[in-house]
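Novice: What follows is input_6.pdb; its format and atoms are PDB, C-alpha atoms and all ligand atoms.
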ATOM      1  CA  ASN A   1     106.703 115.193 106.210  1.00  0.00           C
ATOM      2  CA  ARG A   2     107.439 118.694 104.947  1.00  0.00           C
ATOM      3  CA  ILE A   3     109.039 119.630 108.278  1.00  0.00           C
ATOM      4  CA  LEU A   4     110.931 116.324 108.484  1.00  0.00           C
ATOM      5  CA  ALA A   5     112.201 116.531 104.907  1.00  0.00           C
ATOM      6  CA  ASP A   6     114.085 119.721 105.833  1.00  0.00           C
ATOM      7  CA  LYS A   7     115.651 118.179 108.914  1.00  0.00           C
ATOM      8  CA  VAL A   8     116.594 114.562 108.103  1.00  0.00           C
ATOM      9  CA  GLU A   9     117.886 112.556 105.159  1.00  0.00           C
ATOM     10  CA  TYR A  10     115.863 109.426 105.855  1.00  0.00           C
ATOM     11  CA  PRO A  11     113.498 108.023 103.207  1.00  0.00           C
ATOM     12  CA  LEU A  12     109.959 109.253 103.805  1.00  0.00           C
ATOM     13  CA  HIS A  13     106.785 107.218 103.316  1.00  0.00           C
ATOM     14  CA  LEU A  14     103.673 109.052 102.097  1.00  0.00           C
ATOM     15  CA  GLY A  15     100.038 108.154 102.574  1.00  0.00           C
ATOM     16  CA  VAL A  16      96.720 109.642 103.648  1.00  0.00           C
ATOM     17  CA  THR A  17      95.416 107.514 106.515  1.00  0.00           C
ATOM     18  CA  GLU A  18      91.743 106.516 106.393  1.00  0.00           C
ATOM     19  CA  ALA A  19      91.255 108.515 103.203  1.00  0.00           C
ATOM     20  CA  GLY A  20      87.828 106.981 102.606  1.00  0.00           C
ATOM     21  CA  THR A  21      85.982 105.170  99.848  1.00  0.00           C
ATOM     22  CA  LEU A  22      87.149 104.891  96.237  1.00  0.00           C
ATOM     23  CA  TYR A  23      86.213 108.277  94.793  1.00  0.00           C
ATOM     24  CA  ARG A  24      86.823 110.532  97.790  1.00  0.00           C
ATOM     25  CA  GLY A  25      89.817 108.559  99.029  1.00  0.00           C
ATOM     26  CA  THR A  26      91.508 108.670  95.626  1.00  0.00           C
ATOM     27  CA  VAL A  27      91.054 112.444  95.370  1.00  0.00           C
ATOM     28  CA  LYS A  28      92.360 113.025  98.911  1.00  0.00           C
ATOM     29  CA  SER A  29      95.333 110.728  98.331  1.00  0.00           C
ATOM     30  CA  ALA A  30      96.129 112.358  94.997  1.00  0.00           C
ATOM     31  CA  ILE A  31      96.203 115.799  96.631  1.00  0.00           C
ATOM     32  CA  GLY A  32      98.082 114.701  99.763  1.00  0.00           C
ATOM     33  CA  ILE A  33     100.641 112.411  98.154  1.00  0.00           C
ATOM     34  CA  GLY A  34     100.835 114.216  94.815  1.00  0.00           C
ATOM     35  CA  SER A  35     101.506 117.671  96.252  1.00  0.00           C
ATOM     36  CA  LEU A  36     104.440 116.348  98.304  1.00  0.00           C
ATOM     37  CA  LEU A  37     105.874 114.350  95.413  1.00  0.00           C
ATOM     38  CA  LEU A  38     105.706 117.420  93.175  1.00  0.00           C
ATOM     39  CA  ASP A  39     107.819 119.245  95.762  1.00  0.00           C
ATOM     40  CA  GLY A  40     110.379 116.437  95.706  1.00  0.00           C
ATOM     41  CA  ILE A  41     109.338 114.971  99.068  1.00  0.00           C
ATOM     42  CA  GLY A  42     108.660 111.245  99.531  1.00  0.00           C
ATOM     43  CA  ASP A  43     110.323 107.947  98.682  1.00  0.00           C
ATOM     44  CA  THR A  44     107.540 105.383  99.026  1.00  0.00           C
ATOM     45  CA  VAL A  45     103.772 105.706  98.797  1.00  0.00           C
ATOM     46  CA  ARG A  46     100.699 103.827  99.832  1.00  0.00           C
ATOM     47  CA  VAL A  47      97.115 104.705  98.920  1.00  0.00           C
ATOM     48  CA  SER A  48      94.606 103.557 101.561  1.00  0.00           C
ATOM     49  CA  LEU A  49      91.043 103.069 100.356  1.00  0.00           C
ATOM     50  CA  THR A  50      87.999 101.402 101.819  1.00  0.00           C
ATOM     51  CA  ASP A  51      87.908  99.162  98.775  1.00  0.00           C
ATOM     52  CA  ASP A  52      89.700  96.382  96.911  1.00  0.00           C
ATOM     53  CA  PRO A  53      93.492  96.606  97.491  1.00  0.00           C
ATOM     54  CA  LEU A  54      94.011  96.291  93.718  1.00  0.00           C
ATOM     55  CA  LYS A  55      92.269  99.652  93.368  1.00  0.00           C
ATOM     56  CA  GLU A  56      94.687 101.107  95.923  1.00  0.00           C
ATOM     57  CA  VAL A  57      97.598  99.956  93.759  1.00  0.00           C
ATOM     58  CA  ARG A  58      95.964 101.344  90.633  1.00  0.00           C
ATOM     59  CA  ALA A  59      95.357 104.708  92.331  1.00  0.00           C
ATOM     60  CA  ALA A  60      98.988 104.831  93.509  1.00  0.00           C
ATOM     61  CA  LYS A  61     100.202 104.093  89.968  1.00  0.00           C
ATOM     62  CA  GLU A  62      97.952 106.829  88.562  1.00  0.00           C
ATOM     63  CA  ILE A  63      99.379 109.325  91.067  1.00  0.00           C
ATOM     64  CA  LEU A  64     102.970 108.399  90.203  1.00  0.00           C
ATOM     65  CA  SER A  65     102.153 108.643  86.507  1.00  0.00           C
ATOM     66  CA  SER A  66     100.327 111.984  86.877  1.00  0.00           C
ATOM     67  CA  VAL A  67     103.248 113.642  88.680  1.00  0.00           C
ATOM     68  CA  GLY A  68     105.629 112.315  86.039  1.00  0.00           C
ATOM     69  CA  ILE A  69     107.610 109.917  88.229  1.00  0.00           C
ATOM     70  CA  GLN A  70     106.770 106.660  86.486  1.00  0.00           C
ATOM     71  CA  GLN A  71     104.302 105.540  83.849  1.00  0.00           C
ATOM     72  CA  TYR A  72     102.938 102.002  84.159  1.00  0.00           C
ATOM     73  CA  GLY A  73     101.729 100.858  80.756  1.00  0.00           C
ATOM     74  CA  PRO A  74      99.569 103.007  78.459  1.00  0.00           C
ATOM     75  CA  VAL A  75      98.032 106.322  79.483  1.00  0.00           C
ATOM     76  CA  LEU A  76      94.758 107.556  78.051  1.00  0.00           C
ATOM     77  CA  ILE A  77      94.266 111.193  77.087  1.00  0.00           C
ATOM     78  CA  SER A  78      90.654 112.062  76.295  1.00  0.00           C
ATOM     79  CA  CYS A  79      88.833 115.297  75.620  1.00  0.00           C
ATOM     80  CA  PRO A  80      86.033 116.447  77.956  1.00  0.00           C
ATOM     81  CA  THR A  81      83.497 116.561  75.068  1.00  0.00           C
ATOM     82  CA  CYS A  82      81.654 119.719  74.015  1.00  0.00           C
ATOM     83  CA  GLY A  83      79.179 120.955  71.430  1.00  0.00           C
ATOM     84  CA  ARG A  84      81.594 119.964  68.662  1.00  0.00           C
ATOM     85  CA  THR A  85      81.770 116.313  69.696  1.00  0.00           C
ATOM     86  CA  GLN A  86      80.863 114.187  66.698  1.00  0.00           C
ATOM     87  CA  VAL A  87      81.022 110.665  68.159  1.00  0.00           C
ATOM     88  CA  ASN A  88      79.885 108.820  71.291  1.00  0.00           C
ATOM     89  CA  LEU A  89      83.094 109.889  72.994  1.00  0.00           C
ATOM     90  CA  ILE A  90      82.406 109.152  76.659  1.00  0.00           C
ATOM     91  CA  ASP A  91      81.648 105.478  75.987  1.00  0.00           C
ATOM     92  CA  MET A  92      84.495 105.261  73.490  1.00  0.00           C
ATOM     93  CA  ALA A  93      87.025 106.641  75.988  1.00  0.00           C
ATOM     94  CA  LYS A  94      85.871 104.175  78.664  1.00  0.00           C
ATOM     95  CA  GLU A  95      86.109 101.276  76.217  1.00  0.00           C
ATOM     96  CA  VAL A  96      89.576 102.280  75.029  1.00  0.00           C
ATOM     97  CA  GLU A  97      90.747 102.721  78.637  1.00  0.00           C
ATOM     98  CA  GLU A  98      89.652  99.160  79.443  1.00  0.00           C
ATOM     99  CA  LYS A  99      91.146  97.704  76.275  1.00  0.00           C
ATOM    100  CA  ILE A 100      94.586  99.307  76.554  1.00  0.00           C
ATOM    101  CA  LYS A 101      95.091  97.926  80.082  1.00  0.00           C
ATOM    102  CA  ARG A 102      96.449  94.690  78.594  1.00  0.00           C
ATOM    103  CA  PHE A 103      99.294  96.453  76.793  1.00  0.00           C
ATOM    104  CA  LYS A 104     102.634  96.814  78.524  1.00  0.00           C
ATOM    105  CA  LYS A 105     104.455  99.613  76.736  1.00  0.00           C
ATOM    106  CA  PRO A 106     104.222 103.123  78.277  1.00  0.00           C
ATOM    107  CA  ILE A 107     102.462 104.721  75.313  1.00  0.00           C
ATOM    108  CA  LYS A 108     100.073 107.670  75.184  1.00  0.00           C
ATOM    109  CA  VAL A 109      96.709 107.083  73.543  1.00  0.00           C
ATOM    110  CA  ALA A 110      94.399 110.010  72.704  1.00  0.00           C
ATOM    111  CA  VAL A 111      90.650 109.720  72.188  1.00  0.00           C
ATOM    112  CA  MET A 112      89.280 113.017  70.872  1.00  0.00           C
ATOM    113  CA  GLY A 113      85.794 114.022  69.803  1.00  0.00           C
ATOM    114  CA  CYS A 114      86.094 116.246  66.756  1.00  0.00           C
ATOM    115  CA  ALA A 115      88.089 117.244  63.726  1.00  0.00           C
ATOM    116  CA  VAL A 116      88.721 120.797  65.037  1.00  0.00           C
ATOM    117  CA  ASN A 117      90.919 120.281  68.114  1.00  0.00           C
ATOM    118  CA  GLY A 118      91.100 116.490  68.101  1.00  0.00           C
ATOM    119  CA  PRO A 119      93.801 115.975  65.470  1.00  0.00           C
ATOM    120  CA  GLY A 120      96.287 118.233  67.296  1.00  0.00           C
ATOM    121  CA  GLU A 121      96.115 116.196  70.495  1.00  0.00           C
ATOM    122  CA  ALA A 122      95.894 112.888  68.628  1.00  0.00           C
ATOM    123  CA  ARG A 123      99.094 113.786  66.759  1.00  0.00           C
ATOM    124  CA  GLU A 124     100.963 114.504  70.008  1.00  0.00           C
ATOM    125  CA  ALA A 125     100.131 111.067  71.386  1.00  0.00           C
ATOM    126  CA  ASP A 126     101.680 107.798  70.192  1.00  0.00           C
ATOM    127  CA  PHE A 127      98.275 106.651  68.977  1.00  0.00           C
ATOM    128  CA  GLY A 128      94.995 108.473  68.696  1.00  0.00           C
ATOM    129  CA  ILE A 129      91.576 108.798  67.199  1.00  0.00           C
ATOM    130  CA  ALA A 130      89.697 111.975  66.327  1.00  0.00           C
ATOM    131  CA  GLY A 131      85.974 111.777  65.645  1.00  0.00           C
ATOM    132  CA  GLY A 132      84.258 113.307  62.631  1.00  0.00           C
ATOM    133  CA  VAL A 133      80.782 113.101  61.112  1.00  0.00           C
ATOM    134  CA  GLY A 134      79.907 109.393  60.951  1.00  0.00           C
ATOM    135  CA  GLY A 135      83.504 108.293  61.412  1.00  0.00           C
ATOM    136  CA  GLY A 136      86.973 109.443  62.297  1.00  0.00           C
ATOM    137  CA  LEU A 137      90.710 109.385  61.812  1.00  0.00           C
ATOM    138  CA  VAL A 138      93.261 107.047  63.352  1.00  0.00           C
ATOM    139  CA  PHE A 139      96.716 108.466  64.134  1.00  0.00           C
ATOM    140  CA  ARG A 140     100.006 106.722  64.784  1.00  0.00           C
ATOM    141  CA  LYS A 141     103.098 108.679  65.786  1.00  0.00           C
ATOM    142  CA  GLY A 142     101.678 111.956  64.506  1.00  0.00           C
ATOM    143  CA  LYS A 143     100.430 110.718  61.132  1.00  0.00           C
ATOM    144  CA  VAL A 144      96.924 109.966  59.923  1.00  0.00           C
ATOM    145  CA  ILE A 145      96.996 106.337  58.904  1.00  0.00           C
ATOM    146  CA  ARG A 146      93.335 105.431  58.496  1.00  0.00           C
ATOM    147  CA  SER A 147      89.911 106.963  58.057  1.00  0.00           C
ATOM    148  CA  VAL A 148      87.129 104.622  59.211  1.00  0.00           C
ATOM    149  CA  PRO A 149      83.407 104.649  60.154  1.00  0.00           C
ATOM    150  CA  GLU A 150      82.605 105.372  63.815  1.00  0.00           C
ATOM    151  CA  ASN A 151      81.783 101.758  64.660  1.00  0.00           C
ATOM    152  CA  GLU A 152      85.227 100.648  63.449  1.00  0.00           C
ATOM    153  CA  LEU A 153      87.296 103.362  65.133  1.00  0.00           C
ATOM    154  CA  ILE A 154      88.171 101.487  68.313  1.00  0.00           C
ATOM    155  CA  ASP A 155      89.011  98.235  66.527  1.00  0.00           C
ATOM    156  CA  ALA A 156      91.229 100.127  64.082  1.00  0.00           C
ATOM    157  CA  LEU A 157      93.020 101.881  66.953  1.00  0.00           C
ATOM    158  CA  MET A 158      93.526  98.591  68.809  1.00  0.00           C
ATOM    159  CA  GLU A 159      94.923  96.913  65.695  1.00  0.00           C
ATOM    160  CA  GLU A 160      97.580  99.614  65.398  1.00  0.00           C
ATOM    161  CA  ILE A 161      98.541  99.401  69.083  1.00  0.00           C
ATOM    162  CA  GLU A 162      98.620  95.600  68.907  1.00  0.00           C
ATOM    163  CA  LYS A 163     101.012  95.769  65.944  1.00  0.00           C
ATOM    164  CA  PHE A 164     103.246  98.151  67.868  1.00  0.00           C
ATOM    165  CA  GLU A 165     103.226  95.906  70.941  1.00  0.00           C
ATOM    166  CA  THR A 166     104.169  92.812  68.977  1.00  0.00           C
ATOM    167  CA  GLU A 167     106.339  94.260  66.198  1.00  0.00           C
ATOM    168  CA  GLY A 168     107.821  97.408  67.739  1.00  0.00           C
ATOM    169  CA  GLU A 169     108.347 100.710  65.933  1.00  0.00           C
ATOM    170  CA  ASN A 170     107.926  99.439  62.321  1.00  0.00           C
TER     171      ASN A 170
HETATM  172  S1  LIG B   1      88.561 117.856  71.060  1.00  0.00           S
HETATM  173 FE1  LIG B   1      86.824 118.709  69.951  1.00  0.00          FE
HETATM  174  S2  LIG B   1      85.045 117.637  70.820  1.00  0.00           S
HETATM  175 FE2  LIG B   1      86.709 117.364  72.261  1.00  0.00          FE
HETATM  176  S3  LIG B   1      86.437 119.040  73.735  1.00  0.00           S
HETATM  177 FE3  LIG B   1      87.929 119.714  72.185  1.00  0.00          FE
HETATM  178  S4  LIG B   1      86.697 120.826  70.684  1.00  0.00           S
HETATM  179 FE4  LIG B   1      85.278 119.581  71.922  1.00  0.00          FE
END
Write the structure described by the file as structure tokens, please.
Specialist:
Amino acid sequence: NRILADKVEYPLHLGVTEAGTLYRGTVKSAIGIGSLLLDGIGDTVRVSLTDDPLKEVRAAKEILSSVGIQQYGPVLISCPTCGRTQVNLIDMAKEVEEKIKRFKKPIKVAVMGCAVNGPGEAREADFGIAGGVGGGLVFRKGKVIRSVPENELIDALMEEIEKFETEGEN
């Protein structure tokens, strides 16, 4: 495709054939398709996985979103956790990722583990939570709007996103 892109003006289709099962195939496809897209090569894509075709579509959407071509619905930003993490962040991030799938708007949602670096990232996103001792902060469009106990953080975040989905900016 790189050689062809220099020689012809036809649309080019990208895909890694027989990439493999979900984990390995997604990584190979992301490298193969993503590197070409980042260089401006490619007009259509297909991710091939030895798995449910819906997962192929999801992987393709994640690649397009990661290279900045198109975002499909919400995107989750989450910290990797470290010694400062104050909440059960890994489970929280997975739960938030599942719950935001139903929303349509292309928002950014941050789930961060502490009050040191978390608020900065949570402020940059459209919505976010930053964990603290026994609880955390909920952010909307860069502002702290609630402080709640840990077991209420996700519900509080979802309430704010739900309001935005149904009522818009206000
Ligand atoms: S946001 Fe806080 S808890 Fe998460 S990785 Fe950064 S410093 Fe650690």
Novice: So what does the PyMOL selection byres (((chain A and resi 130) around 6) and not hetatm) actually pick up in this one, as a PyMOL selection string?
Specialist: chain A and resi 112-114+118-119+129+131+136-137
Novice: I want to know what sits within 10 Å of stretch 58-73 of chain A, based on all atoms listed in the file, with residues of the same chain fewer than 3 positions away left out; could you give that as a count of residues only?
Specialist: 30
Novice: For the PyMOL selection byres (((not hetatm)) within 10 of (chain B and resi 1)), applied here, can you spell out every residue it catches as number ranges by chain?
Specialist: A: 78-87, 89, 110-122, 130-132
Novice: Excluding same-chain residues fewer than 6 positions from A:Ile145, what lies within 10 Å of it counting all atoms listed in the file, as a list in words?
Specialist: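 Near A:Ile145, the qualifying residues are Leu137, Val138, Phe139, Ala156 and Glu160 of chain A.
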Novice: Just checking: using all atoms listed in the file, which residue out of A:Gly20, A:Gly142, A:Pro149, A:Gly128 ends up closest to A:Ile161?
Specialist: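 Of A:Gly20, A:Gly142, A:Pro149, A:Gly128, the one nearest A:Ile161 is A:Gly128, counting all atoms listed in the file.
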Novice: What does the distance between atom CA of A:Gly32 and atom CA of A:Leu14 come to in Å, to one decimal place?
Specialist: 8.3 Å
Novice: Could you please determine the separation between atom CA of A:Phe164 and atom CA of A:Glu150 in Å, to one decimal place?
Specialist: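 The value is 22.2 Å.
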Novice: Take atom CA of A:Lys7 and atom CA of A:Lys28 and report the distance between them in Å, one decimal.
Specialist: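 Computed distance, atom CA of A:Lys7 to atom CA of A:Lys28, equals 25.9 Å.
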Novice: Supply stretch 3-18 of chain A as a CSV table (one decimal), keeping the file's coordinate frame, with N, CA, C and O atoms built in where the input has gaps.
Specialist:
chain,number,residue,atom,x,y,z
A,3,ILE,N,108.1,119.2,107.2
A,3,ILE,CA,109.0,119.6,108.3
A,3,ILE,C,110.2,118.7,108.4
A,3,ILE,O,111.4,119.1,108.4
A,4,LEU,N,109.9,117.3,108.4
A,4,LEU,CA,110.9,116.3,108.5
A,4,LEU,C,111.9,116.4,107.3
A,4,LEU,O,113.1,116.2,107.5
A,5,ALA,N,111.4,116.6,106.1
A,5,ALA,CA,112.2,116.5,104.9
A,5,ALA,C,113.3,117.6,105.0
A,5,ALA,O,114.4,117.4,104.4
A,6,ASP,N,113.1,118.7,105.7
A,6,ASP,CA,114.1,119.7,105.8
A,6,ASP,C,115.1,119.4,106.9
A,6,ASP,O,116.2,119.9,106.9
A,7,LYS,N,114.8,118.4,107.8
A,7,LYS,CA,115.7,118.2,108.9
A,7,LYS,C,116.4,116.9,108.8
A,7,LYS,O,117.5,116.8,109.5
A,8,VAL,N,115.9,115.9,108.1
A,8,VAL,CA,116.6,114.6,108.1
A,8,VAL,C,116.8,114.1,106.7
A,8,VAL,O,116.1,114.6,105.8
A,9,GLU,N,117.7,113.1,106.5
A,9,GLU,CA,117.9,112.6,105.2
A,9,GLU,C,117.3,111.2,105.0
A,9,GLU,O,117.6,110.5,104.0
A,10,TYR,N,116.4,110.8,105.9
A,10,TYR,CA,115.9,109.4,105.9
A,10,TYR,C,114.8,109.4,104.7
A,10,TYR,O,114.2,110.4,104.4
A,11,PRO,N,114.6,108.2,104.2
A,11,PRO,CA,113.5,108.0,103.2
A,11,PRO,C,112.2,108.3,103.9
A,11,PRO,O,112.0,107.9,105.1
A,12,LEU,N,111.3,108.9,103.2
A,12,LEU,CA,110.0,109.3,103.8
A,12,LEU,C,108.8,108.5,103.1
A,12,LEU,O,108.8,108.5,101.9
A,13,HIS,N,107.9,108.0,103.9
A,13,HIS,CA,106.8,107.2,103.3
A,13,HIS,C,105.5,108.1,103.3
A,13,HIS,O,105.2,108.7,104.3
A,14,LEU,N,104.8,108.2,102.2
A,14,LEU,CA,103.7,109.1,102.1
A,14,LEU,C,102.4,108.3,102.0
A,14,LEU,O,102.3,107.3,101.3
A,15,GLY,N,101.4,108.8,102.7
A,15,GLY,CA,100.0,108.2,102.6
A,15,GLY,C,99.0,109.0,103.4
A,15,GLY,O,99.4,109.7,104.3
A,16,VAL,N,97.8,109.0,102.9
A,16,VAL,CA,96.7,109.6,103.6
A,16,VAL,C,95.9,108.6,104.4
A,16,VAL,O,95.3,107.7,103.8
A,17,THR,N,96.0,108.6,105.7
A,17,THR,CA,95.4,107.5,106.5
A,17,THR,C,93.9,107.7,106.5
A,17,THR,O,93.4,108.8,106.6
A,18,GLU,N,93.2,106.5,106.4
A,18,GLU,CA,91.7,106.5,106.4
A,18,GLU,C,91.2,107.5,105.4
A,18,GLU,O,90.3,108.4,105.8
